Amino acid sequence: MADNNQQRVFPVVHDIEAPQPPTAPLVSRDTSRSDRVSPIENQKQQQPPIQRTIPVKHAKPPKKRRSCCFKCFCWIFSILLLLIVLIGITVGILYLVFRPKLPDYSIDRLQITQFNLTNNNSLYATFDVTITATNPNKKIGIYYEGGSHIRVLYIDTTLCEGSLPKFYQGHKNTTVLNVPLTGQTQNATDLFSSLQQQQQQTGTVPLKIRVKQPVRIKLGDLKLFEIKSYVRCKLEVDNLSANNDISIRNSSCKFKFRL
């Protein structure tokens, strides 16, 4: 019986992996939370947080788009510049090949068949002008087309006018033209008196001849487009009496083309 009443002692086996009960804090409960923090952690809490600067990527400004009008302007300007260069090269080649020279003009003779002042103060004039036209070019011909106009002026008043004939002038050719001119000037009493006074004082009468003639230039076998030609002549005659020999004291002519 004694054996049965004797308590049995069992060995206590501690599980190492079992969760351990919390140990008593080393600091008393009466201390504050800041007192319970370790000095190192307290120092970390007191330091301000480190602020990292993140680089900001700026967006690239959008590229300027050229407008459609600007592109069209550039294309047109480029094409015009190219055309100007090509035209310049072509003109240079033609000049070297054909060696163009301007025609020569001269007033050789002036005959007056009528130049009188009527009772109604109208001045009637009839002139016959002899013009010599010379083409000095070896490889260039000139077509004188219709629609020409020629006139004789005293100062700025037209005395008579007419037109040149239509003809072709070949290489190294000289053509003599006899052109009749007629005119009527109203209220010409002062004009007629000025002409007589000019003749008495200087012994000469200054006249101007203006010619406008459409022409076409022929380069070899190629006939170019029509252009305008202008002849301006200045001459001095000894008198303007009808049925008299008119002497031309001085004359000069200039010729030019205009597109």
# chains A, B, ... in the order shown; residues from 1 in each chain; ligands from 1
>>> residues_around(residues="A:Arg109", least_positions_apart="4", cutoff="10 Å", atoms="only C-alpha atoms", output="MDAnalysis selection string")
chainID A and resid 128:132 178 245:248
>>> residues_around(residues="A:Ser122", least_positions_apart="3", cutoff="8 Å", atoms="only C-alpha atoms", output="list in words")
Leu117, Thr118, Asn119, Gln184, Thr185, Gln186, Asn187, Ala188 and Thr189 of chain A
>>> select_by_dssp(residues="stretch 89-250 of chain A", states="strand (DSSP E or B)", output="JSON, numbers by chain")
{"A": [104, 105, 106, 107, 108, 109, 110, 111, 112, 113, 114, 115, 116, 117, 123, 124, 125, 126, 127, 128, 129, 130, 131, 132, 133, 134, 135, 140, 141, 142, 143, 144, 149, 150, 151, 152, 153, 154, 157, 158, 159, 160, 161, 162, 167, 168, 169, 173, 174, 175, 176, 177, 178, 179, 180, 181, 182, 183, 184, 185, 205, 206, 207, 208, 209, 210, 211, 212, 213, 214, 215, 216, 217, 218, 219, 222, 223, 224, 225, 226, 227, 228, 229, 230, 231, 232, 233, 234, 235, 236, 237, 248, 249, 250]}
>>> closest_residue(among="A:Ala133, A:Leu164, A:Leu83, A:Leu207", to="A:Gly146", atoms="only C-alpha atoms")
A:Leu164
>>> residues_around(residues="A:Arg232", least_positions_apart="4", cutoff="12 Å", atoms="only C-alpha atoms", output="list in words")
Asp104, Tyr105, Ser106, Ile107, Ile150, Arg151, Val152, Leu153, Leu207, Lys208, Ile209, Arg210, Val211, Lys212, Gln213, Ser251, Ser252, Cys253, Lys254, Phe255, Lys256 and Phe257 of chain A
